[in-house]
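Structure first, commentary second.
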Amino acid sequence: MGKTLKVEMTMNVSEGRIVNVTISGDFFAYPSETLEELELEIRGKTVEEALKIIDDYEGRVKLVGASLQDVKQLIQQAGREKPDRKSPA
Amino acid sequence: MAWRLIIDQGDVYWNMALDEAMLLLREENRIPNTLRLYVFDPSAVTFGYHQKLEDAVDEGYLVRRGVGFTRRITGGGSVYHDKLGEVTYSVVALIDDVSQDIEKSYELICGGLVYAIEELGLEAEFRPVNDVLVGNKKVSGSAQARKRNALLQHGTLMYDTSLEELARCLKAPKEKLDSHRVRSIRERVTTLSLELGRKVTRDEVMKAMIKGFGKALGIRDLKPSKHSPEELKLAQKLRRKYMSREWIYRR
């Protein structure tokens with residue numbers, strides 16, 4: 001059955017940098033901790049830099065039920081979201 | 001090669017601690033390959049390593065009802081472990097004794113559940129990555145973790161789970177349900193008792209699982225056994241992690 005993958009990202013809009021990112025869902029990652037290393041590594045980076053870093057993780061981590069390509073797509077999407085959007089209270 | 005068979009029960013923190021202890025000790029070659037069959041007493045909820053608690057379970061309901069819950073070291077989704085309606089299995093083995101290929105190893109181990117269900121007189125089907133279905137509804141989900149040369153795969157087999165309670169405890173993301181074209185968790189899961197039209201007992205399910213995993217994993221020698229003192233000691237230590245807010249709420 002289909003797996004879910006969710007990327008939540010906080011950006012510093014004026015600097016265009018990622019403040020925080022959380023990758024969550026009911027997929028599998030081998031080894032599982034590597035995804036957290038990835039989350040930490042893309043903090044403080046621009047979206048473009050983050051996408052390159054994620055490419056470097058191909059071969060370091062295997063996702064099952066989702067893919068690093070999916071993660072990249074969601075980060076790109078999140079990066080394009082309008083900054084003036086009110087966060088749900 | 002000889003495998004251990006361990007049948008036991010415990011609370012949710014203890015059960016998860018023991019599974020992790022077995023993985024760590026298998027990796028260090030301190031224990032043999034093991035098939036563990038166990039029950040959650042009291043009934044409880046586990047959810048996947050990468051899940052956000054709020055996306056996986058109805059925390060308010062669990063707290064109000066005093067249902068224990070913790071995060072697993074394995075990925076995958078949330079599970080309701082019904083004391084009176086579900087048997088959980090763990091397979092702890094060297095990866096080479098199962099398969100290096102992750103998808104294949106899921107299929108191989110889940111094959112034990114398919115055989116077990118067939119033994120009980122139903123047709124079952126493995127649905128990649130990690131589900132076993134009867135009549136297109138889920139009766140089992142599994143999750144695997146690997147540590148160097150060892151693996152732990154654990155999973156549930158629902159023989160008489162209260163699906164009403166399951167639906168109250170767990171949350172399924174709306175997108176996921178939409179993709180299955182069903183409106184509720186209740187419509188995509190079933191139990192062996194419902195499918196067979198009679199009450200299946202824990203005892204017969206366990207017997208069928210022992211036979212099924214034996215066949216799927218080519219186990220010739222399955223010895224009833226107990227956890228070693230070293231295992232129990234390590235589990236005792238790990239249990240604290242599974243009870244900690246830091247672990248449960250980490251995302």
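Following the order of the structure tokens, first chain is A, next is B, and so on, with residues numbered from 1 inside each chain and ligands from 1 in the order they appear.
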Within 7 Å of chain A: residues of chain B, using only C-alpha atoms, as an NGL selection string:
:B and (48 or 50-52 or 75-77 or 129 or 146 or 176)
May I have the residues from that selection written out with C-alpha atoms, as a tab-separated table (two decimals), in the first residue's frame?
chain	number	residue	atom	x	y	z
B	48	GLY	CA	7.30	4.07	12.97
B	50	HIS	CA	10.23	8.35	10.95
B	51	GLN	CA	6.63	9.18	11.83
B	52	LYS	CA	5.49	12.32	13.54
B	75	GLY	CA	10.17	2.45	9.99
B	76	GLY	CA	6.63	1.97	8.74
B	77	GLY	CA	3.31	3.04	10.17
B	129	VAL	CA	6.63	-3.54	0.62
B	146	ARG	CA	19.22	-3.57	9.88
B	176	LYS	CA	-3.16	7.81	2.09
I'd like the neighbourhood of Gln73 of chain A as a list of chain:residue names, where a residue qualifies if any of its atoms comes within 12 Å (using only C-alpha atoms), though same-chain residues fewer than 5 positions away should be ignored.
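Everything that qualifies: A:Leu5, A:Lys6, A:Val7, A:Val47, A:Glu48, A:Ala50, A:Leu51, A:Ile54, A:Asp55, A:Ala66, A:Ser67, A:Leu68, A:Ala78, A:Gly79, A:Arg80.
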Write out, as a PDB file, in the first residue's frame, the residues just selected, with N, CA, C and O atoms.
ATOM      1  N   LEU A   5       5.104  10.447   2.645  1.00  0.00           N
ATOM      2  CA  LEU A   5       6.356  11.161   2.881  1.00  0.00           C
ATOM      3  C   LEU A   5       5.980  12.619   3.060  1.00  0.00           C
ATOM      4  O   LEU A   5       5.218  13.169   2.273  1.00  0.00           O
ATOM      5  N   LYS A   6       6.496  13.221   4.127  1.00  0.00           N
ATOM      6  CA  LYS A   6       6.125  14.608   4.424  1.00  0.00           C
ATOM      7  C   LYS A   6       7.407  15.379   4.705  1.00  0.00           C
ATOM      8  O   LYS A   6       8.270  14.910   5.447  1.00  0.00           O
ATOM      9  N   VAL A   7       7.542  16.532   4.079  1.00  0.00           N
ATOM     10  CA  VAL A   7       8.696  17.390   4.345  1.00  0.00           C
ATOM     11  C   VAL A   7       8.187  18.709   4.892  1.00  0.00           C
ATOM     12  O   VAL A   7       7.359  19.370   4.267  1.00  0.00           O
ATOM     13  N   VAL A  47      18.149  26.230  -1.018  1.00  0.00           N
ATOM     14  CA  VAL A  47      17.448  25.072  -1.578  1.00  0.00           C
ATOM     15  C   VAL A  47      18.333  24.382  -2.615  1.00  0.00           C
ATOM     16  O   VAL A  47      18.450  23.149  -2.636  1.00  0.00           O
ATOM     17  N   GLU A  48      18.995  25.178  -3.464  1.00  0.00           N
ATOM     18  CA  GLU A  48      19.852  24.595  -4.513  1.00  0.00           C
ATOM     19  C   GLU A  48      20.980  23.770  -3.893  1.00  0.00           C
ATOM     20  O   GLU A  48      21.271  22.665  -4.342  1.00  0.00           O
ATOM     21  N   ALA A  50      20.943  22.406  -0.967  1.00  0.00           N
ATOM     22  CA  ALA A  50      20.328  21.238  -0.320  1.00  0.00           C
ATOM     23  C   ALA A  50      20.100  20.118  -1.333  1.00  0.00           C
ATOM     24  O   ALA A  50      20.365  18.949  -1.055  1.00  0.00           O
ATOM     25  N   LEU A  51      19.617  20.491  -2.509  1.00  0.00           N
ATOM     26  CA  LEU A  51      19.327  19.476  -3.535  1.00  0.00           C
ATOM     27  C   LEU A  51      20.593  18.729  -3.928  1.00  0.00           C
ATOM     28  O   LEU A  51      20.579  17.515  -4.136  1.00  0.00           O
ATOM     29  N   ILE A  54      21.536  16.318  -1.199  1.00  0.00           N
ATOM     30  CA  ILE A  54      20.691  15.113  -1.219  1.00  0.00           C
ATOM     31  C   ILE A  54      21.186  14.137  -2.284  1.00  0.00           C
ATOM     32  O   ILE A  54      21.225  12.917  -2.050  1.00  0.00           O
ATOM     33  N   ASP A  55      21.625  14.666  -3.426  1.00  0.00           N
ATOM     34  CA  ASP A  55      22.191  13.782  -4.459  1.00  0.00           C
ATOM     35  C   ASP A  55      23.375  12.985  -3.918  1.00  0.00           C
ATOM     36  O   ASP A  55      23.558  11.822  -4.267  1.00  0.00           O
ATOM     37  N   ALA A  66       9.556   5.218  -0.552  1.00  0.00           N
ATOM     38  CA  ALA A  66       9.734   6.620  -0.953  1.00  0.00           C
ATOM     39  C   ALA A  66      11.127   6.687  -1.580  1.00  0.00           C
ATOM     40  O   ALA A  66      11.828   5.675  -1.626  1.00  0.00           O
ATOM     41  N   SER A  67      11.527   7.864  -2.064  1.00  0.00           N
ATOM     42  CA  SER A  67      12.868   7.959  -2.647  1.00  0.00           C
ATOM     43  C   SER A  67      13.471   9.326  -2.342  1.00  0.00           C
ATOM     44  O   SER A  67      12.755  10.267  -1.974  1.00  0.00           O
ATOM     45  N   LEU A  68      14.771   9.430  -2.481  1.00  0.00           N
ATOM     46  CA  LEU A  68      15.419  10.729  -2.285  1.00  0.00           C
ATOM     47  C   LEU A  68      14.933  11.726  -3.340  1.00  0.00           C
ATOM     48  O   LEU A  68      14.877  12.930  -3.081  1.00  0.00           O
ATOM     49  N   ALA A  78       8.457  23.122  -1.286  1.00  0.00           N
ATOM     50  CA  ALA A  78       8.386  23.915  -0.058  1.00  0.00           C
ATOM     51  C   ALA A  78       9.142  25.225  -0.247  1.00  0.00           C
ATOM     52  O   ALA A  78       8.719  26.272   0.248  1.00  0.00           O
ATOM     53  N   GLY A  79      10.246  25.181  -0.958  1.00  0.00           N
ATOM     54  CA  GLY A  79      11.048  26.375  -1.199  1.00  0.00           C
ATOM     55  C   GLY A  79      10.331  27.400  -2.061  1.00  0.00           C
ATOM     56  O   GLY A  79      10.632  28.593  -2.012  1.00  0.00           O
ATOM     57  N   ARG A  80       9.376  26.930  -2.854  1.00  0.00           N
ATOM     58  CA  ARG A  80       8.643  27.841  -3.744  1.00  0.00           C
ATOM     59  C   ARG A  80       7.414  28.448  -3.084  1.00  0.00           C
ATOM     60  O   ARG A  80       6.812  29.365  -3.621  1.00  0.00           O
TER      61      ARG A  80
END
Residues of segment 89-191 of chain B that have any atom at most 12 Å from an atom of segment 15-18 of chain B: could you tabulate them with the shortest-distance atom pair and the distance in Å to one decimal, using only C-alpha atoms, ordered by chain and increasing number, as JSON lines?
{"residue": "B:Tyr89", "atom": "CA", "partner": "B:Asn15", "partner_atom": "CA", "distance": 10.6}
{"residue": "B:Ser90", "atom": "CA", "partner": "B:Leu18", "partner_atom": "CA", "distance": 10.0}
{"residue": "B:Val92", "atom": "CA", "partner": "B:Leu18", "partner_atom": "CA", "distance": 11.0}
{"residue": "B:Leu152", "atom": "CA", "partner": "B:Leu18", "partner_atom": "CA", "distance": 11.1}
{"residue": "B:Gln153", "atom": "CA", "partner": "B:Met16", "partner_atom": "CA", "distance": 11.8}
{"residue": "B:His154", "atom": "CA", "partner": "B:Met16", "partner_atom": "CA", "distance": 9.8}
{"residue": "B:Gly155", "atom": "CA", "partner": "B:Met16", "partner_atom": "CA", "distance": 11.6}
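Backbone DSSP over segment 193-240 of chain B gives strand (DSSP E or B) for B:Asp221, B:Leu222, B:Lys223, B:Pro224.
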Write to file, as a short mmCIF file (atom, residue, chain, number, x, y, z; two decimals), in the first residue's frame, the residues of the selection just made, with C-alpha atoms.
data_model
loop_
_atom_site.label_atom_id
_atom_site.label_comp_id
_atom_site.auth_asym_id
_atom_site.auth_seq_id
_atom_site.Cartn_x
_atom_site.Cartn_y
_atom_site.Cartn_z
CA ASP B 221 15.75 -27.00 13.98
CA LEU B 222 13.60 -24.62 16.04
CA LYS B 223 14.36 -24.92 19.75
CA PRO B 224 11.97 -23.51 22.36
#
Using only C-alpha atoms, determine which residues lie at most 8 Å from segment 3-12 of chain B, disregarding the query and same-chain residues fewer than 3 positions distant; provide the list as a PyMOL selection string.
chain B and resi 15-16+32-46+68-70+219+221-227
Store the residues picked out above in a file with N, CA, C and O atoms, as an mmCIF file, in the first residue's frame.
data_model
loop_
_atom_site.group_PDB
_atom_site.id
_atom_site.type_symbol
_atom_site.label_atom_id
_atom_site.label_comp_id
_atom_site.auth_asym_id
_atom_site.auth_seq_id
_atom_site.Cartn_x
_atom_site.Cartn_y
_atom_site.Cartn_z
ATOM 1 N N ASN B 15 8.581 -4.819 25.284
ATOM 2 C CA ASN B 15 8.592 -5.558 24.015
ATOM 3 C C ASN B 15 9.516 -4.919 22.987
ATOM 4 O O ASN B 15 10.266 -5.604 22.301
ATOM 5 N N MET B 16 9.461 -3.602 22.890
ATOM 6 C CA MET B 16 10.325 -2.923 21.921
ATOM 7 C C MET B 16 11.787 -2.975 22.361
ATOM 8 O O MET B 16 12.697 -3.093 21.534
ATOM 9 N N PRO B 32 21.802 -16.646 18.932
ATOM 10 C CA PRO B 32 21.529 -17.248 17.615
ATOM 11 C C PRO B 32 20.339 -16.567 16.936
ATOM 12 O O PRO B 32 19.668 -15.721 17.536
ATOM 13 N N ASN B 33 20.092 -16.970 15.687
ATOM 14 C CA ASN B 33 18.876 -16.512 15.007
ATOM 15 C C ASN B 33 17.672 -16.878 15.860
ATOM 16 O O ASN B 33 17.655 -17.927 16.506
ATOM 17 N N THR B 34 16.688 -15.985 15.862
ATOM 18 C CA THR B 34 15.561 -16.165 16.790
ATOM 19 C C THR B 34 14.233 -15.827 16.119
ATOM 20 O O THR B 34 14.128 -14.833 15.400
ATOM 21 N N LEU B 35 13.247 -16.669 16.377
ATOM 22 C CA LEU B 35 11.857 -16.327 16.074
ATOM 23 C C LEU B 35 11.181 -16.087 17.412
ATOM 24 O O LEU B 35 11.145 -16.969 18.261
ATOM 25 N N ARG B 36 10.713 -14.857 17.591
ATOM 26 C CA ARG B 36 10.019 -14.520 18.836
ATOM 27 C C ARG B 36 8.546 -14.254 18.522
ATOM 28 O O ARG B 36 8.246 -13.500 17.588
ATOM 29 N N LEU B 37 7.657 -14.888 19.261
ATOM 30 C CA LEU B 37 6.225 -14.610 19.138
ATOM 31 C C LEU B 37 5.779 -14.022 20.463
ATOM 32 O O LEU B 37 6.081 -14.574 21.517
ATOM 33 N N TYR B 38 5.100 -12.888 20.399
ATOM 34 C CA TYR B 38 4.740 -12.251 21.665
ATOM 35 C C TYR B 38 3.450 -11.459 21.585
ATOM 36 O O TYR B 38 2.904 -11.201 20.512
ATOM 37 N N VAL B 39 3.004 -11.120 22.792
ATOM 38 C CA VAL B 39 1.734 -10.425 22.942
ATOM 39 C C VAL B 39 1.997 -9.164 23.749
ATOM 40 O O VAL B 39 2.911 -9.128 24.570
ATOM 41 N N PHE B 40 1.218 -8.123 23.466
ATOM 42 C CA PHE B 40 1.315 -6.890 24.238
ATOM 43 C C PHE B 40 0.299 -6.940 25.372
ATOM 44 O O PHE B 40 -0.896 -7.029 25.131
ATOM 45 N N ASP B 41 0.816 -6.895 26.577
ATOM 46 C CA ASP B 41 -0.041 -6.924 27.756
ATOM 47 C C ASP B 41 0.393 -5.793 28.674
ATOM 48 O O ASP B 41 1.461 -5.869 29.266
ATOM 49 N N PRO B 42 -0.381 -4.727 28.768
ATOM 50 C CA PRO B 42 -1.697 -4.469 28.168
ATOM 51 C C PRO B 42 -1.602 -4.069 26.681
ATOM 52 O O PRO B 42 -0.512 -3.803 26.191
ATOM 53 N N SER B 43 -2.779 -4.029 26.040
ATOM 54 C CA SER B 43 -2.854 -3.575 24.647
ATOM 55 C C SER B 43 -2.158 -2.227 24.508
ATOM 56 O O SER B 43 -2.195 -1.408 25.434
ATOM 57 N N ALA B 44 -1.518 -1.992 23.352
ATOM 58 C CA ALA B 44 -0.716 -0.776 23.210
ATOM 59 C C ALA B 44 -0.577 -0.396 21.742
ATOM 60 O O ALA B 44 -1.057 -1.109 20.858
ATOM 61 N N VAL B 45 0.107 0.716 21.512
ATOM 62 C CA VAL B 45 0.310 1.224 20.158
ATOM 63 C C VAL B 45 1.801 1.452 19.924
ATOM 64 O O VAL B 45 2.505 1.960 20.801
ATOM 65 N N THR B 46 2.296 1.050 18.758
ATOM 66 C CA THR B 46 3.646 1.442 18.348
ATOM 67 C C THR B 46 3.541 2.200 17.035
ATOM 68 O O THR B 46 2.601 2.003 16.263
ATOM 69 N N GLY B 68 -0.789 2.621 26.372
ATOM 70 C CA GLY B 68 0.633 2.936 26.235
ATOM 71 C C GLY B 68 1.045 3.013 24.772
ATOM 72 O O GLY B 68 0.469 2.337 23.925
ATOM 73 N N PHE B 69 2.025 3.867 24.484
ATOM 74 C CA PHE B 69 2.490 3.960 23.093
ATOM 75 C C PHE B 69 3.967 4.331 23.073
ATOM 76 O O PHE B 69 4.462 5.031 23.958
ATOM 77 N N THR B 70 4.673 3.836 22.080
ATOM 78 C CA THR B 70 6.049 4.258 21.890
ATOM 79 C C THR B 70 6.457 4.159 20.426
ATOM 80 O O THR B 70 5.759 3.561 19.603
ATOM 81 N N ILE B 219 13.771 -23.307 8.270
ATOM 82 C CA ILE B 219 14.317 -23.655 9.579
ATOM 83 C C ILE B 219 14.072 -25.139 9.827
ATOM 84 O O ILE B 219 12.933 -25.602 9.785
ATOM 85 N N ASP B 221 15.598 -26.729 12.564
ATOM 86 C CA ASP B 221 15.751 -26.998 13.985
ATOM 87 C C ASP B 221 15.337 -25.748 14.762
ATOM 88 O O ASP B 221 16.076 -24.778 14.816
ATOM 89 N N LEU B 222 14.122 -25.765 15.296
ATOM 90 C CA LEU B 222 13.605 -24.616 16.044
ATOM 91 C C LEU B 222 13.453 -25.021 17.506
ATOM 92 O O LEU B 222 12.581 -25.812 17.844
ATOM 93 N N LYS B 223 14.319 -24.476 18.347
ATOM 94 C CA LYS B 223 14.358 -24.915 19.753
ATOM 95 C C LYS B 223 13.636 -23.931 20.666
ATOM 96 O O LYS B 223 14.041 -22.777 20.759
ATOM 97 N N PRO B 224 12.604 -24.382 21.366
ATOM 98 C CA PRO B 224 11.968 -23.515 22.365
ATOM 99 C C PRO B 224 13.011 -23.070 23.381
ATOM 100 O O PRO B 224 13.807 -23.878 23.838
ATOM 101 N N SER B 225 13.021 -21.776 23.664
ATOM 102 C CA SER B 225 14.116 -21.232 24.454
ATOM 103 C C SER B 225 13.657 -20.034 25.275
ATOM 104 O O SER B 225 12.488 -19.646 25.222
ATOM 105 N N LYS B 226 14.589 -19.474 26.025
ATOM 106 C CA LYS B 226 14.307 -18.264 26.799
ATOM 107 C C LYS B 226 15.378 -17.225 26.481
ATOM 108 O O LYS B 226 16.445 -17.558 25.999
ATOM 109 N N HIS B 227 15.076 -15.957 26.787
ATOM 110 C CA HIS B 227 16.084 -14.916 26.608
ATOM 111 C C HIS B 227 17.241 -15.154 27.577
ATOM 112 O O HIS B 227 17.037 -15.605 28.705
#
Out of B:Ile73, B:Ala124, B:Leu166, B:Leu151, which residue has the shortest atom-to-atom distance to Tyr242 of chain B when counting only C-alpha atoms?
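Looking only at the distances to Tyr242 of chain B, the closest residue turns out to be B:Ile73.
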